[in-house]
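Notes follow once the structure below has been shown.
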Amino acid sequence: MHYPWWYVHSLTSPMLIALVATLHIFASLYAVGGGLFLAEEVGYAYKVGNKDLLTYLHSHTFFFILLTVVYGAITGVGIWWTIGLASPLATESLIHIFVFGWAMEYVFFVLEVVSAFIFFYYWGKLKPEVHTKIGWIYGISAYMSLVLITAITSFQLDIGTWTPGQSMWIAFFNPQTFPQIIARSGASLLLASLYVYLHAAFKLKNNKQLLALVETRAARWSMAGAVLVTIGGVWWLLNLPESAKASLAGASALIILTALIFAATVVVFLMLYFGSYRRPGWVNQGFAILYFIVGIAATSTGEFIREGVRKPYIIYNFVTGNNVLVSEIPKLQQTGYLNGGTWTRAFMKAHYPQVVDSSGNVDSPKLLSLPESDQLAVGRVLFQYHCNDCHSAEGFSAVAELTRGWSEDMIQTVVTHLDKAHFFMPPWCGTKEESIVLSRYLASISFHSPAGMKFSSAPPGNSKDMTASSGRREP
Amino acid sequence: MNPQDLIGPSSPLGNPAPFWFITFFKVLGFILHMIPMNVWYAGMALVAIYATFGKGHYEELAHRLAKSMPVIVAIGVNLGIVPLLFTQVSYYQFYYPAGVLIGWAWFSVIILLVIAYYGVYVYTLSVRRNVKTRLAIISAWVSSILFIVIGFLFANNFSLMTNVAGWIGIFNKTAVGGAPTGLALNTSDPTLIPRWLMMFGIAIMTTSVYIVVDAAYFRKRETTEEYRSWAGKFAFVIFNIGLVWFVATGSWYIFGALDPFTVGKLKSDGLMQVIFAATALSPGLSWLALLLGGRRHVNHRTALAAAGAQFVVISLNAVSRQWVQNTEISKYRDIAAEPVKIQWSPMILFLVLFVVGLAIVGWMISKIVEVGREEAKV
């Protein structure tokens, strides 16, 4: 609320974070697990003198660099870019708490990039032990990036005992740090193996012997990954804050997805053990593609659940989902949301000076004296800044749908008791008068109950009387 | 609307390090970022031009630049993180609103950069395989154009950051229900175009120095004496174009676009006048080094002198830019006076890791230098 709100029609701007983050995670986990895999396997190939395996690993490294150093690195920066646009207050807070954590990650990132290029471009030119060491410099640096970033994102889910002004380390070592690091470490190893299967299935289709060797060796990594995902996942689940546990318990879809991930991990482990590890030869192109898709689906589902249970916060107990500092809420409830927001206040001063007093503050009761069209316009401003972080008007998670068939009074009751009606929503952060104008706006865009139902609120004559496409009520 | 009303409150968390520390790393990071960024910014344009029209040494130059470009882009993007990080620590009240107001343009940087980077790879792979396809040449052009577009978008955001009065016009034009759509650019700002073009001038100069360094140092076995001699002369010509460009756009920026407040502050600050004068004159050092290098075959000494001089040019430029940014922002907020709550142990650990990281990078570079020496013996 200290910043202008970026209005993205139909989608909401935070959905862009989800989009970029999902696209990034596929490459970033591979960047970690794949780096460790390459370092270990190159060392092994040198040790046993397997030139064919070295040649294969060289071609895999090129594939790895193309995906992780280009796409992975830029989408990683892209997440940062997008959170600054769509959640500026939360980003500002995270940056102030963790700036040196990010700065440390930057050091590891430099090491990653330099070592990755030397590892690839000086293949066959460096002494084997130096080459292997450079591979490990990459792998360890990439892993340290995972540790640092996971600690920051886990802080968002549970700040633990941290309070503003305390050391970064208290925030860093929060209750979620180790469970999430273990789970993500496992996911990185598991996903890396699936990338190896995918690449090897095509690259080594005419060399079954080498394919079987790669398959067996990669299976060790993925089985270790599956074990870590399970341990980290269970620990994560047990360690969740009460609100997150309640979110899971209250959303059947999330429970089913969580159960599916655990089940899929166990199944994958068994398939790998009895298949690729004990009796190599399972991996062909179709199988590798299928495996890969399952891995990507499981990873993105896991990330979705991890993000989903954080509601109503972006940073637990510190910044709410609608970019309000928790500490500011009592004041906002007294003096008004429009007053508290930097841009909402400036907007009201410029456009509705009749409701602004001599000291530049919005006089909430005066909002109700505005003409109805102006009240709706102010209600829309409140919607944009208070609600649009999670809800669009008529697109993603549309309030027009969520309030379908509700009366204005019902809407206002829910608005003023948001956190009571749904514990995963932030509390109403404005005055009573502001809740009235917001409710008027919401009522003006909410849809009728579906026509044709008994007790429907749709006007007689149903669809013909509704707005052609949406069934929206006319204000 | 009053511009002062649009600046949000200070973070209750305070800055985790003193303002000078943040500014130092911001400027240092920007200097380190500018070196590779300059090379891809103007260098990729040279690649596209000579990949299409070049023959002989011109084509060889395009190939040599292209072969290094994937590494240059990766390192440049990486080094860009530091100034961006420290910008968000001290300048958040200005950086975030500017980004939101041009949201879609700023967001598109990521997509454009991914496309541009893959375009670089497509061309580089064709060079490595000795096949010049139409797709490769188109990719080189696409990358080159996108890099220039990205530069324009960066100039937009960073000029808008300090042009708080300009926020109002964009907001009024694009807001829906009081929330901007992000469908705007900072095109009404008189500093935008000269600022964008000035960086391209510096980029041309830096790229010409890189061409000399490449010919003198990198994979010497791959280049002939004839190429080295040609590269020195060619780099000098290109540098002169960049120099004229820099002088013209720099003069436009300083004398024709900078706001009177900043000019007034400059007039009353003797030290900054000296630094500004040095910034304007410093390309003369690189010019001299290239002139001397161009007369003879490019050698290690002249390449090193040109690189050192260009480093000074870039550093002075970064310092001057920082002063302008701070001065423009000082109209609205004294960001140097923000509360500070120093995070000592994370800061010390970062500095230790920074030194250790540099040592490891140094060790890795020493290993590839060894390889180079052994190859030279063979």
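Every chain in the structure tokens takes a letter, A first, then B, and so on in the order presented; its residues are numbered from 1, and the ligands are numbered from 1 following the presented order.
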
Near segment 53-70 of chain B, counting only C-alpha atoms, which residues have an atom at most 9 Å away, once you skip same-chain residues fewer than 5 positions from it, shown as an mmCIF file with C-alpha atoms, in the first residue's frame?
data_model
loop_
_atom_site.group_PDB
_atom_site.id
_atom_site.type_symbol
_atom_site.label_atom_id
_atom_site.label_comp_id
_atom_site.auth_asym_id
_atom_site.auth_seq_id
_atom_site.Cartn_x
_atom_site.Cartn_y
_atom_site.Cartn_z
ATOM 1 C CA VAL A 70 20.661 -18.979 -19.887
ATOM 2 C CA VAL B 39 30.529 -5.415 -25.034
ATOM 3 C CA TRP B 40 27.262 -7.178 -25.756
ATOM 4 C CA GLY B 43 29.378 -5.795 -29.819
ATOM 5 C CA MET B 44 26.304 -7.749 -30.840
ATOM 6 C CA LEU B 46 28.860 -5.386 -34.864
ATOM 7 C CA VAL B 47 28.339 -9.144 -34.973
ATOM 8 C CA ALA B 48 25.025 -8.712 -36.788
ATOM 9 C CA ILE B 75 28.826 -12.727 -16.614
ATOM 10 C CA TYR B 117 20.479 -14.701 -25.169
ATOM 11 C CA TYR B 118 19.245 -17.757 -27.064
ATOM 12 C CA VAL B 120 23.341 -15.270 -29.311
ATOM 13 C CA TYR B 121 23.703 -19.023 -28.860
ATOM 14 C CA TYR B 123 24.599 -17.595 -34.002
ATOM 15 C CA THR B 124 27.548 -18.794 -31.906
ATOM 16 C CA LEU B 125 26.729 -22.431 -32.570
ATOM 17 C CA VAL B 127 30.056 -20.149 -36.089
ATOM 18 C CA ARG B 128 31.467 -23.072 -34.126
ATOM 19 C CA ALA B 140 22.223 -12.240 -34.525
ATOM 20 C CA ILE B 211 38.519 -6.033 -29.731
ATOM 21 C CA ASP B 214 40.863 -10.011 -27.566
ATOM 22 C CA TYR B 227 44.473 -9.858 -38.067
ATOM 23 C CA TRP B 230 43.945 -4.943 -38.704
ATOM 24 C CA ALA B 231 42.083 -5.237 -35.378
#

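By chain and then residue number, the residues within 8 Å of segment 415-423 of chain A are Ser243, Pro312, Ile411, Gln412, Thr413, Met425, Pro426, Pro427, Trp428, Lys432, Ser435 and Ser439 of chain A, counting only C-alpha atoms and disregarding those fewer than 2 positions away in sequence.
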
Atoms to include: N, CA and C atoms. Write the selected residues as a PDB file, in the first residue's frame.
ATOM      1  N   SER A 243      -1.823 -22.007  11.067  1.00  0.00           N
ATOM      2  CA  SER A 243      -2.673 -21.480   9.997  1.00  0.00           C
ATOM      3  C   SER A 243      -2.468 -22.272   8.708  1.00  0.00           C
ATOM      4  N   PRO A 312      -2.925 -15.960   5.026  1.00  0.00           N
ATOM      5  CA  PRO A 312      -3.127 -14.700   4.306  1.00  0.00           C
ATOM      6  C   PRO A 312      -1.871 -13.818   4.244  1.00  0.00           C
ATOM      7  N   ILE A 411     -22.426  -8.851   1.422  1.00  0.00           N
ATOM      8  CA  ILE A 411     -21.047  -8.536   1.016  1.00  0.00           C
ATOM      9  C   ILE A 411     -20.380  -7.704   2.100  1.00  0.00           C
ATOM     10  N   GLN A 412     -21.114  -6.724   2.599  1.00  0.00           N
ATOM     11  CA  GLN A 412     -20.479  -5.842   3.593  1.00  0.00           C
ATOM     12  C   GLN A 412     -20.164  -6.600   4.880  1.00  0.00           C
ATOM     13  N   THR A 413     -21.056  -7.514   5.242  1.00  0.00           N
ATOM     14  CA  THR A 413     -20.788  -8.312   6.453  1.00  0.00           C
ATOM     15  C   THR A 413     -19.489  -9.100   6.283  1.00  0.00           C
ATOM     16  N   MET A 425      -7.864 -15.182   4.892  1.00  0.00           N
ATOM     17  CA  MET A 425      -7.928 -13.844   4.291  1.00  0.00           C
ATOM     18  C   MET A 425      -7.405 -12.833   5.313  1.00  0.00           C
ATOM     19  N   PRO A 426      -6.810 -11.724   4.828  1.00  0.00           N
ATOM     20  CA  PRO A 426      -6.383 -10.700   5.784  1.00  0.00           C
ATOM     21  C   PRO A 426      -7.592  -9.979   6.361  1.00  0.00           C
ATOM     22  N   PRO A 427      -7.438  -9.317   7.498  1.00  0.00           N
ATOM     23  CA  PRO A 427      -8.588  -8.590   8.051  1.00  0.00           C
ATOM     24  C   PRO A 427      -8.907  -7.366   7.206  1.00  0.00           C
ATOM     25  N   TRP A 428     -10.100  -6.868   7.371  1.00  0.00           N
ATOM     26  CA  TRP A 428     -10.477  -5.621   6.699  1.00  0.00           C
ATOM     27  C   TRP A 428      -9.617  -4.500   7.288  1.00  0.00           C
ATOM     28  N   LYS A 432     -15.521   1.760   8.535  1.00  0.00           N
ATOM     29  CA  LYS A 432     -16.845   1.216   8.202  1.00  0.00           C
ATOM     30  C   LYS A 432     -17.353   1.840   6.888  1.00  0.00           C
ATOM     31  N   SER A 435     -15.808   0.347   3.981  1.00  0.00           N
ATOM     32  CA  SER A 435     -16.354  -0.996   3.695  1.00  0.00           C
ATOM     33  C   SER A 435     -17.677  -0.873   2.948  1.00  0.00           C
ATOM     34  N   SER A 439     -18.286  -2.356  -0.685  1.00  0.00           N
ATOM     35  CA  SER A 439     -19.364  -3.334  -0.865  1.00  0.00           C
ATOM     36  C   SER A 439     -20.306  -2.904  -1.985  1.00  0.00           C
TER      37      SER A 439
END

May I have the residues within 12 Å of Trp252 of chain B as a PyMOL selection string, using only C-alpha atoms and disregarding those fewer than 4 positions away in the same chain?
-> chain B and resi 190-198+245-248+256-258

Shell of 10 Å around Gly34 of chain A, only C-alpha atoms, local chain residues under 6 positions omitted, as an mmCIF file with N, CA and C atoms, in the first residue's frame:
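File written: out38.cif
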data_model
loop_
_atom_site.group_PDB
_atom_site.id
_atom_site.type_symbol
_atom_site.label_atom_id
_atom_site.label_comp_id
_atom_site.auth_asym_id
_atom_site.auth_seq_id
_atom_site.Cartn_x
_atom_site.Cartn_y
_atom_site.Cartn_z
ATOM 1 N N ALA A 27 14.172 -25.239 -14.009
ATOM 2 C CA ALA A 27 15.581 -25.115 -14.381
ATOM 3 C C ALA A 27 16.472 -24.980 -13.158
ATOM 4 N N SER A 28 15.975 -24.283 -12.117
ATOM 5 C CA SER A 28 16.856 -23.999 -10.979
ATOM 6 C C SER A 28 17.156 -25.259 -10.172
ATOM 7 N N GLU A 40 30.220 -35.362 -9.701
ATOM 8 C CA GLU A 40 30.464 -36.731 -9.225
ATOM 9 C C GLU A 40 30.741 -37.677 -10.396
ATOM 10 N N HIS A 60 26.165 -33.646 -22.286
ATOM 11 C CA HIS A 60 25.122 -33.307 -21.311
ATOM 12 C C HIS A 60 25.401 -31.942 -20.673
ATOM 13 N N THR A 61 26.681 -31.650 -20.467
ATOM 14 C CA THR A 61 27.035 -30.358 -19.856
ATOM 15 C C THR A 61 26.601 -29.202 -20.750
ATOM 16 N N PHE A 64 23.026 -28.810 -20.299
ATOM 17 C CA PHE A 64 22.858 -28.272 -18.944
ATOM 18 C C PHE A 64 23.086 -26.750 -18.926
ATOM 19 N N THR A 68 20.366 -24.073 -17.905
ATOM 20 C CA THR A 68 20.450 -23.453 -16.568
ATOM 21 C C THR A 68 21.093 -22.068 -16.597
ATOM 22 N N GLY A 139 29.086 -27.355 -8.346
ATOM 23 C CA GLY A 139 28.022 -28.074 -7.636
ATOM 24 C C GLY A 139 27.784 -27.500 -6.241
ATOM 25 N N ALA A 142 26.231 -23.965 -6.431
ATOM 26 C CA ALA A 142 24.809 -24.038 -6.787
ATOM 27 C C ALA A 142 23.996 -24.497 -5.582
ATOM 28 N N SER A 188 15.831 -31.493 -6.142
ATOM 29 C CA SER A 188 16.851 -31.133 -7.141
ATOM 30 C C SER A 188 17.560 -32.383 -7.656
ATOM 31 N N LEU A 189 17.834 -33.330 -6.767
ATOM 32 C CA LEU A 189 18.506 -34.556 -7.211
ATOM 33 C C LEU A 189 17.567 -35.390 -8.087
ATOM 34 N N LEU A 190 16.320 -35.481 -7.625
ATOM 35 C CA LEU A 190 15.331 -36.273 -8.359
ATOM 36 C C LEU A 190 15.100 -35.690 -9.758
ATOM 37 N N LEU A 191 14.901 -34.400 -9.801
ATOM 38 C CA LEU A 191 14.605 -33.755 -11.085
ATOM 39 C C LEU A 191 15.822 -33.828 -12.017
ATOM 40 N N ALA A 192 17.012 -33.672 -11.432
ATOM 41 C CA ALA A 192 18.227 -33.743 -12.261
ATOM 42 C C ALA A 192 18.323 -35.097 -12.940
ATOM 43 N N SER A 193 17.998 -36.151 -12.213
ATOM 44 C CA SER A 193 18.065 -37.485 -12.811
ATOM 45 C C SER A 193 17.080 -37.610 -13.964
ATOM 46 N N LEU A 194 15.917 -37.009 -13.799
ATOM 47 C CA LEU A 194 14.917 -37.104 -14.864
ATOM 48 C C LEU A 194 15.382 -36.349 -16.111
ATOM 49 N N TYR A 195 16.089 -35.243 -15.896
ATOM 50 C CA TYR A 195 16.689 -34.531 -17.039
ATOM 51 C C TYR A 195 17.750 -35.418 -17.699
ATOM 52 N N VAL A 196 18.530 -36.110 -16.872
ATOM 53 C CA VAL A 196 19.578 -36.984 -17.421
ATOM 54 C C VAL A 196 18.924 -38.090 -18.256
ATOM 55 N N TRP A 221 21.074 -41.269 -7.740
ATOM 56 C CA TRP A 221 20.784 -39.875 -7.377
ATOM 57 C C TRP A 221 19.286 -39.665 -7.154
#

Which residues, written as a ChimeraX atom specification, have at least one atom at most 10 Å from segment 322-336 of chain B, with only C-alpha atoms counted and residues fewer than 6 positions away on the same chain left out?
-> /B:3-7,10,15,18-20,23-24,26-27,30,90-94,158-159,161-164,258-259,261-263,265-266,272,276,316

Name the closest residue to His131 of chain A among the candidates A:Val42, A:Val283, A:Ile65, A:Val319; distances are taken between atoms, counting only C-alpha atoms.
-> A:Val42

Pick from A:Leu19, A:Leu254, A:Val399, A:Met348 nearest to chain B, counting only C-alpha atoms =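 Checking each candidate against chain B, we get A:Met348 as the closest.
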
Taking the backbone alone, and naming residues the way the document does, which bits of segment 83-262 of chain A are alpha helix (DSSP H) by DSSP, as an MDAnalysis selection string?
-> chainID A and resid 83:86 88:121 128:157 168:172 177:203 208:239 242:250 252:262

Long-range neighbours of segment 178-182 of chain B as a ChimeraX atom specification, 12 Å cut-off, only C-alpha atoms, 4 positions minimum in chain = /A:1,3-10,12-13,85-86,338,341-351,377-386,388-389 /B:97-108,157,167-174,186

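Closest approach to Val77 of chain A among B:Phe25, B:Pro36, B:Ile81, B:Tyr50: B:Ile81, based on only C-alpha atoms.
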
Shell around Ala136 of chain B at 8 Å using only C-alpha atoms, local window under 6 positions removed, as a list of chain:residue names |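 So the residues in contact are B:Gly119, B:Val122, B:Tyr123, B:Ser126.
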
Put those residues in a file: C-alpha atoms, as a PDB file, in the first residue's frame.
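Written file, part_37.pdb:
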ATOM      1  CA  GLY B 119      19.705 -15.748 -30.270  1.00  0.00           C
ATOM      2  CA  VAL B 122      22.083 -19.800 -32.203  1.00  0.00           C
ATOM      3  CA  TYR B 123      24.599 -17.595 -34.002  1.00  0.00           C
ATOM      4  CA  SER B 126      26.612 -21.786 -36.294  1.00  0.00           C
TER       5      SER B 126
END

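One distance worth recording is that between atom CA of Gly275 of chain A and atom CA of Gln209 of chain A, which is 15.6 Å.
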